[in-house]
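In what follows, a single structure is set out as structure tokens and then discussed.
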Amino acid sequence: MSAQLIEGKKISDAIRIEIREEAAKLTAAGIVPGLAVVLVGEDPASKVYVGSKEKACQQLGFYSEVHRLHAETSQEDLLALIGKLNRQDTIHGILVQLPLPKHIDEKAVIDAISVDKDVDGFHPVSVGNLVIGDDSLLPCTPAGVIELLKRTGVEISGKHAVVIGRSNIVGKPVSMLLLREHATVTICHSRTADMEAIARTADILVVAIGRPKAIGKSFVKPGAAVIDVGINRLPDGKLAGDVDFDDVLDTAGYITPVPGGVGPMTITMLMLNTLKAAKRQAHSG
Ligand code: GUN
């Protein structure tokens with residue numbers, strides 16, 4: 001039997017309708033949710049992402065500022081801009097697009113963003129709050145994964161979730177979120193012994209390793225929910241996930257396609273974080 005598709009695009013569209021309604025209410029009360037995106041340099045993929053974020057702001061009635069800085073911008077100038085955005089009342093969320101040029105210390109930049117405006121959820125205080133289980137702005141892609149599972153009706157509580165990949169952006173935070181939802185969580189990585197056998201015990205398998213089609217059906221327990229976070233460009237120009245979709249389709253119970261699975265959720269969760277930040281700042285200010 002073929003797996004049920006987890007349709008990220010449809011789910012993302014439904015959440016955006018909810019966000020637009022909430023944003024309109026907040027706007028009527030005098031607060032327009034505002035997002036500032038900072039792009040340093042000319043990375044082609046980053047330019048596309050930043051364009052999509054700007055479009056999402058327009059679509060949802062948010063105020064947006066995009067700061068496009070040249071590749072030679074000094075760290076000092078970038079930190080000065082972040083300081084200004086931290087103090088700016090019309091801005092509730094700040095996102096600095098990564099990767100940054102080599103001469104800029106990424107950590108110094110992330111640390112400089114006000115925790116209240118950290119809509120990427122990358123600030124060490126946001127990460128700490130996530131681990132403790134305190135209220136915080138959640139990293140967008142991991143939050144999107146949880147939302148996909150919930151809205152598809154996949155039970156998380158009490159299930160065994162295996163996460164392949166231990167990055168700060170996806171693997172680690174998604175593991176913490178799954179734990180928060182009461183899954184039993186195993187994290188696998190490049191040095192894990194017998195990863196296939198561990199993966200095959202997963203009710204929920206989340207893959208975020210950045211290697212096209214690396215995970216085939218030998219890693220998948222029949223009926224498992226497979227969440228593919230990878231987006232890889234193949235030599236022929238097509239996109240592929242980290243999971244070999246065609247190979248796994250008849251074994252998995254649920255599967256996210258690439259594109260159209262996790263990808264559309266990331267920006268939607270960014271917008272949700274900006275809305276949440278705007279509401280919070282309205283209450284505290
Ligand atoms: N570059 C690739 N993904 C992301 C992301 O989620 N946030 C930021 N700031 N940069 C990225």
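Note on naming: chains are A, B, ... as they come in the structure tokens, residues start from 1 per chain, ligands start from 1 in the order shown.
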Residue contacts of stretch 27-36 of chain A (9 Å, only C-alpha atoms) excluding same-chain residues fewer than 6 positions away, as an MDAnalysis selection string: chainID A and resid 54 57 61:67 85 89:96 117 119 271 274:279 282
Selection: 10 Å around stretch 148-162 of chain A, only C-alpha atoms, excl. self and same-chain fewer than 4 positions, as a VMD selection string: chain A and resid 4 to 8 11 to 12 142 to 144 175 178 to 188 195 198 to 207 224 to 227 253 to 254 256 261 to 262 265
Option closest in space to ligand 1, from A:Asp111, A:Glu76, A:Asp120, A:Glu196 [counting only C-alpha atoms and all ligand atoms]: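 Answer, going by the shortest atom-to-atom distance: A:Asp120.
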9 Å shell around ligand 1 using only C-alpha atoms and all ligand atoms, listed as a ChimeraX atom specification: /A:37-38,45-46,49,94-100,119-122,139-141,169-170,266-267,270
Could you go through stretch 2-224 of chain A and tell me which residues DSSP, when run on the backbone, assigns to helix (DSSP H, G or I), listing them as a tab-separated table (two decimals) with N, CA and C atoms, in the first residue's frame?
```tsv
chain	number	residue	atom	x	y	z
A	8	GLY	N	2.45	19.51	2.74
A	8	GLY	CA	2.93	20.71	3.42
A	8	GLY	C	2.37	21.99	2.84
A	9	LYS	N	2.21	22.00	1.54
A	9	LYS	CA	1.72	23.23	0.88
A	9	LYS	C	0.29	23.53	1.35
A	10	LYS	N	-0.56	22.49	1.36
A	10	LYS	CA	-1.97	22.67	1.78
A	10	LYS	C	-2.06	23.09	3.24
A	11	ILE	N	-1.28	22.41	4.07
A	11	ILE	CA	-1.30	22.70	5.51
A	11	ILE	C	-0.79	24.11	5.75
A	12	SER	N	0.27	24.47	5.04
A	12	SER	CA	0.85	25.81	5.17
A	12	SER	C	-0.16	26.88	4.74
A	13	ASP	N	-0.88	26.63	3.65
A	13	ASP	CA	-1.89	27.60	3.18
A	13	ASP	C	-2.99	27.81	4.24
A	14	ALA	N	-3.39	26.69	4.87
A	14	ALA	CA	-4.45	26.78	5.89
A	14	ALA	C	-3.96	27.61	7.09
A	15	ILE	N	-2.71	27.40	7.49
A	15	ILE	CA	-2.18	28.16	8.63
A	15	ILE	C	-2.06	29.64	8.25
A	16	ARG	N	-1.69	29.91	7.00
A	16	ARG	CA	-1.55	31.32	6.57
A	16	ARG	C	-2.88	32.07	6.63
A	17	ILE	N	-3.96	31.36	6.35
A	17	ILE	CA	-5.29	32.01	6.45
A	17	ILE	C	-5.53	32.40	7.91
A	18	GLU	N	-5.19	31.51	8.82
A	18	GLU	CA	-5.36	31.81	10.25
A	18	GLU	C	-4.48	33.00	10.66
A	19	ILE	N	-3.23	33.02	10.16
A	19	ILE	CA	-2.30	34.10	10.52
A	19	ILE	C	-2.83	35.43	9.99
A	20	ARG	N	-3.34	35.42	8.76
A	20	ARG	CA	-3.83	36.68	8.16
A	20	ARG	C	-4.99	37.26	8.97
A	21	GLU	N	-5.87	36.36	9.44
A	21	GLU	CA	-7.00	36.82	10.26
A	21	GLU	C	-6.52	37.44	11.57
A	22	GLU	N	-5.58	36.77	12.20
A	22	GLU	CA	-5.03	37.27	13.47
A	22	GLU	C	-4.29	38.60	13.26
A	23	ALA	N	-3.55	38.68	12.16
A	23	ALA	CA	-2.78	39.90	11.86
A	23	ALA	C	-3.74	41.07	11.62
A	24	ALA	N	-4.87	40.78	10.96
A	24	ALA	CA	-5.85	41.84	10.69
A	24	ALA	C	-6.44	42.36	12.00
A	25	LYS	N	-6.70	41.45	12.94
A	25	LYS	CA	-7.24	41.85	14.25
A	25	LYS	C	-6.25	42.75	14.99
A	26	LEU	N	-4.99	42.33	14.96
A	26	LEU	CA	-3.94	43.08	15.66
A	26	LEU	C	-3.76	44.46	15.01
A	27	THR	N	-3.84	44.47	13.68
A	27	THR	CA	-3.70	45.73	12.94
A	27	THR	C	-4.84	46.69	13.30
A	28	ALA	N	-6.05	46.13	13.41
A	28	ALA	CA	-7.21	46.95	13.79
A	28	ALA	C	-7.03	47.54	15.19
A	44	PRO	N	22.88	33.19	-4.11
A	44	PRO	CA	21.65	33.08	-4.92
A	44	PRO	C	20.49	32.44	-4.17
A	45	ALA	N	20.76	31.35	-3.43
A	45	ALA	CA	19.67	30.68	-2.70
A	45	ALA	C	19.10	31.62	-1.64
A	46	SER	N	19.99	32.34	-0.93
A	46	SER	CA	19.54	33.27	0.11
A	46	SER	C	18.66	34.36	-0.48
A	47	LYS	N	19.03	34.84	-1.68
A	47	LYS	CA	18.23	35.90	-2.32
A	47	LYS	C	16.80	35.40	-2.58
A	48	VAL	N	16.69	34.14	-3.02
A	48	VAL	CA	15.37	33.57	-3.29
A	48	VAL	C	14.57	33.47	-1.99
A	49	TYR	N	15.21	32.96	-0.91
A	49	TYR	CA	14.52	32.82	0.37
A	49	TYR	C	14.03	34.18	0.88
A	50	VAL	N	14.91	35.17	0.78
A	50	VAL	CA	14.56	36.51	1.28
A	50	VAL	C	13.37	37.08	0.48
A	51	GLY	N	13.39	36.85	-0.83
A	51	GLY	CA	12.27	37.29	-1.69
A	51	GLY	C	10.96	36.64	-1.24
A	52	SER	N	11.03	35.34	-0.91
A	52	SER	CA	9.81	34.61	-0.49
A	52	SER	C	9.29	35.16	0.83
A	53	LYS	N	10.21	35.54	1.73
A	53	LYS	CA	9.79	36.08	3.03
A	53	LYS	C	9.10	37.42	2.85
A	54	GLU	N	9.65	38.23	1.95
A	54	GLU	CA	9.07	39.55	1.66
A	54	GLU	C	7.66	39.37	1.09
A	55	LYS	N	7.52	38.41	0.18
A	55	LYS	CA	6.21	38.14	-0.44
A	55	LYS	C	5.19	37.68	0.60
A	56	ALA	N	5.65	36.82	1.51
A	56	ALA	CA	4.75	36.31	2.56
A	56	ALA	C	4.25	37.46	3.43
A	57	CYS	N	5.11	38.42	3.72
A	57	CYS	CA	4.71	39.58	4.53
A	57	CYS	C	3.60	40.36	3.81
A	58	GLN	N	3.80	40.57	2.51
A	58	GLN	CA	2.79	41.30	1.73
A	58	GLN	C	1.46	40.56	1.76
A	59	GLN	N	1.55	39.24	1.53
A	59	GLN	CA	0.35	38.41	1.43
A	59	GLN	C	-0.44	38.42	2.76
A	60	LEU	N	0.26	38.52	3.87
A	60	LEU	CA	-0.41	38.38	5.17
A	60	LEU	C	-0.67	39.72	5.85
A	75	GLN	N	31.36	43.68	10.14
A	75	GLN	CA	30.58	43.13	11.26
A	75	GLN	C	30.03	44.27	12.13
A	76	GLU	N	30.85	45.28	12.30
A	76	GLU	CA	30.45	46.43	13.12
A	76	GLU	C	29.19	47.10	12.56
A	77	ASP	N	29.18	47.30	11.23
A	77	ASP	CA	28.01	47.93	10.60
A	77	ASP	C	26.78	47.03	10.73
A	78	LEU	N	26.98	45.73	10.57
A	78	LEU	CA	25.84	44.80	10.68
A	78	LEU	C	25.30	44.82	12.11
A	79	LEU	N	26.20	44.81	13.09
A	79	LEU	CA	25.75	44.84	14.49
A	79	LEU	C	25.04	46.16	14.81
A	80	ALA	N	25.50	47.25	14.19
A	80	ALA	CA	24.85	48.55	14.41
A	80	ALA	C	23.42	48.51	13.86
A	81	LEU	N	23.24	47.88	12.70
A	81	LEU	CA	21.89	47.76	12.11
A	81	LEU	C	20.99	46.92	13.03
A	82	ILE	N	21.54	45.83	13.54
A	82	ILE	CA	20.73	44.98	14.43
A	82	ILE	C	20.33	45.76	15.68
A	83	GLY	N	21.26	46.54	16.21
A	83	GLY	CA	20.95	47.37	17.38
A	83	GLY	C	19.79	48.32	17.09
A	84	LYS	N	19.83	48.91	15.92
A	84	LYS	CA	18.78	49.85	15.52
A	84	LYS	C	17.43	49.12	15.40
A	85	LEU	N	17.45	47.94	14.78
A	85	LEU	CA	16.20	47.17	14.61
A	85	LEU	C	15.68	46.68	15.97
A	86	ASN	N	16.59	46.36	16.87
A	86	ASN	CA	16.18	45.95	18.23
A	86	ASN	C	15.36	47.05	18.91
A	87	ARG	N	15.74	48.30	18.61
A	87	ARG	CA	15.08	49.44	19.30
A	87	ARG	C	13.86	49.96	18.53
A	106	GLU	N	29.16	34.60	12.88
A	106	GLU	CA	27.73	34.31	12.90
A	106	GLU	C	27.18	34.35	14.34
A	107	LYS	N	27.95	33.81	15.24
A	107	LYS	CA	27.50	33.73	16.64
A	107	LYS	C	27.31	35.13	17.24
A	108	ALA	N	28.27	36.02	16.94
A	108	ALA	CA	28.17	37.39	17.48
A	108	ALA	C	26.89	38.06	16.96
A	109	VAL	N	26.55	37.76	15.72
A	109	VAL	CA	25.37	38.38	15.10
A	109	VAL	C	24.08	37.82	15.73
A	110	ILE	N	24.02	36.51	15.86
A	110	ILE	CA	22.82	35.88	16.46
A	110	ILE	C	22.65	36.36	17.90
A	111	ASP	N	23.75	36.43	18.63
A	111	ASP	CA	23.69	36.86	20.04
A	111	ASP	C	23.20	38.30	20.19
A	112	ALA	N	23.41	39.11	19.13
A	112	ALA	CA	23.07	40.54	19.21
A	112	ALA	C	21.57	40.79	19.03
A	115	VAL	N	16.19	38.87	22.23
A	115	VAL	CA	15.50	37.58	22.37
A	115	VAL	C	14.01	37.71	22.01
A	116	ASP	N	13.43	38.86	22.36
A	116	ASP	CA	12.00	39.10	22.07
A	116	ASP	C	11.72	39.15	20.57
A	117	LYS	N	12.75	39.46	19.78
A	117	LYS	CA	12.56	39.59	18.32
A	117	LYS	C	13.22	38.46	17.55
A	124	PRO	N	20.89	31.87	21.88
A	124	PRO	CA	21.12	30.88	22.94
A	124	PRO	C	20.04	30.88	24.02
A	125	VAL	N	19.46	32.03	24.32
A	125	VAL	CA	18.38	32.07	25.34
A	125	VAL	C	17.13	31.38	24.80
A	126	SER	N	16.82	31.59	23.52
A	126	SER	CA	15.67	30.90	22.92
A	126	SER	C	15.90	29.39	22.94
A	127	VAL	N	17.12	28.98	22.61
A	127	VAL	CA	17.45	27.55	22.58
A	127	VAL	C	17.33	26.97	23.99
A	128	GLY	N	17.83	27.71	24.98
A	128	GLY	CA	17.74	27.27	26.38
A	128	GLY	C	16.29	27.12	26.82
A	129	ASN	N	15.46	28.10	26.48
A	129	ASN	CA	14.04	28.03	26.83
A	129	ASN	C	13.36	26.84	26.18
A	130	LEU	N	13.76	26.56	24.95
A	130	LEU	CA	13.19	25.40	24.24
A	130	LEU	C	13.54	24.11	25.00
A	131	VAL	N	14.77	23.99	25.43
A	131	VAL	CA	15.21	22.77	26.12
A	131	VAL	C	14.49	22.62	27.47
A	132	ILE	N	14.38	23.73	28.18
A	132	ILE	CA	13.71	23.70	29.50
A	132	ILE	C	12.21	23.45	29.34
A	140	CYS	N	11.99	27.72	13.14
A	140	CYS	CA	10.87	27.59	12.19
A	140	CYS	C	10.73	26.20	11.57
A	141	THR	N	11.81	25.64	11.06
A	141	THR	CA	11.68	24.34	10.39
A	141	THR	C	11.27	23.24	11.40
A	142	PRO	N	11.92	23.14	12.56
A	142	PRO	CA	11.47	22.15	13.55
A	142	PRO	C	10.01	22.34	13.97
A	143	ALA	N	9.60	23.59	14.20
A	143	ALA	CA	8.21	23.85	14.57
A	143	ALA	C	7.28	23.41	13.43
A	144	GLY	N	7.71	23.61	12.20
A	144	GLY	CA	6.92	23.19	11.04
A	144	GLY	C	6.75	21.68	10.99
A	145	VAL	N	7.79	20.95	11.36
A	145	VAL	CA	7.72	19.48	11.37
A	145	VAL	C	6.65	19.01	12.36
A	146	ILE	N	6.65	19.59	13.56
A	146	ILE	CA	5.68	19.20	14.58
A	146	ILE	C	4.26	19.53	14.11
A	147	GLU	N	4.10	20.70	13.52
A	147	GLU	CA	2.79	21.14	13.04
A	147	GLU	C	2.28	20.20	11.93
A	148	LEU	N	3.16	19.77	11.05
A	148	LEU	CA	2.77	18.82	9.99
A	148	LEU	C	2.26	17.52	10.60
A	149	LEU	N	2.98	17.00	11.60
A	149	LEU	CA	2.57	15.74	12.23
A	149	LEU	C	1.21	15.90	12.91
A	150	LYS	N	1.06	17.01	13.66
A	150	LYS	CA	-0.19	17.23	14.41
A	150	LYS	C	-1.37	17.39	13.46
A	151	ARG	N	-1.19	18.21	12.45
A	151	ARG	CA	-2.32	18.49	11.54
A	151	ARG	C	-2.64	17.32	10.63
A	152	THR	N	-1.71	16.36	10.52
A	152	THR	CA	-2.00	15.15	9.74
A	152	THR	C	-2.63	14.09	10.64
A	171	GLY	N	18.23	19.22	13.51
A	171	GLY	CA	18.29	17.95	14.26
A	171	GLY	C	18.09	18.11	15.76
A	172	LYS	N	18.90	18.98	16.37
A	172	LYS	CA	18.80	19.14	17.83
A	172	LYS	C	17.45	19.75	18.25
A	173	PRO	N	17.04	20.89	17.66
A	173	PRO	CA	15.76	21.45	18.12
A	173	PRO	C	14.55	20.56	17.83
A	174	VAL	N	14.53	19.87	16.69
A	174	VAL	CA	13.35	19.03	16.41
A	174	VAL	C	13.29	17.87	17.42
A	175	SER	N	14.46	17.39	17.84
A	175	SER	CA	14.49	16.33	18.86
A	175	SER	C	13.88	16.83	20.16
A	176	MET	N	14.24	18.05	20.55
A	176	MET	CA	13.70	18.64	21.79
A	176	MET	C	12.18	18.84	21.69
A	177	LEU	N	11.72	19.27	20.52
A	177	LEU	CA	10.27	19.48	20.35
A	177	LEU	C	9.52	18.16	20.39
A	178	LEU	N	10.09	17.12	19.80
A	178	LEU	CA	9.45	15.80	19.83
A	178	LEU	C	9.38	15.28	21.27
A	179	LEU	N	10.46	15.54	22.02
A	179	LEU	CA	10.48	15.15	23.43
A	179	LEU	C	9.39	15.88	24.21
A	180	ARG	N	9.26	17.16	23.90
A	180	ARG	CA	8.24	17.99	24.55
A	180	ARG	C	6.83	17.46	24.27
A	195	MET	N	22.88	2.50	12.05
A	195	MET	CA	21.79	3.48	11.97
A	195	MET	C	20.52	2.87	11.35
A	196	GLU	N	20.73	1.99	10.37
A	196	GLU	CA	19.58	1.36	9.70
A	196	GLU	C	18.68	0.65	10.71
A	197	ALA	N	19.31	-0.13	11.58
A	197	ALA	CA	18.54	-0.93	12.55
A	197	ALA	C	17.79	0.00	13.51
A	198	ILE	N	18.44	1.08	13.93
A	198	ILE	CA	17.78	2.03	14.85
A	198	ILE	C	16.62	2.72	14.13
A	199	ALA	N	16.89	3.18	12.92
A	199	ALA	CA	15.84	3.88	12.15
A	199	ALA	C	14.62	2.99	11.95
A	217	LYS	N	14.24	2.37	1.80
A	217	LYS	CA	13.24	1.63	2.59
A	217	LYS	C	13.85	0.73	3.66
A	218	SER	N	15.14	0.40	3.54
A	218	SER	CA	15.78	-0.44	4.56
A	218	SER	C	15.87	0.29	5.91
A	219	PHE	N	15.63	1.61	5.91
A	219	PHE	CA	15.65	2.41	7.14
A	219	PHE	C	14.24	2.60	7.73
```
Straight-line distance linking atom CA of A:Ala3 with atom CA of A:Phe245, stated in Å to one decimal: 10.2 Å
Non-local contacts of A:Asp242 (7 Å; only C-alpha atoms; under 3 positions in same chain excluded) as a list in words: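 Everything that qualifies: Val207, Ala208, Ile209, Gly210, Arg211, Pro212, Lys213, Ala214, Ile215, Asp228 and Gly230 of chain A.
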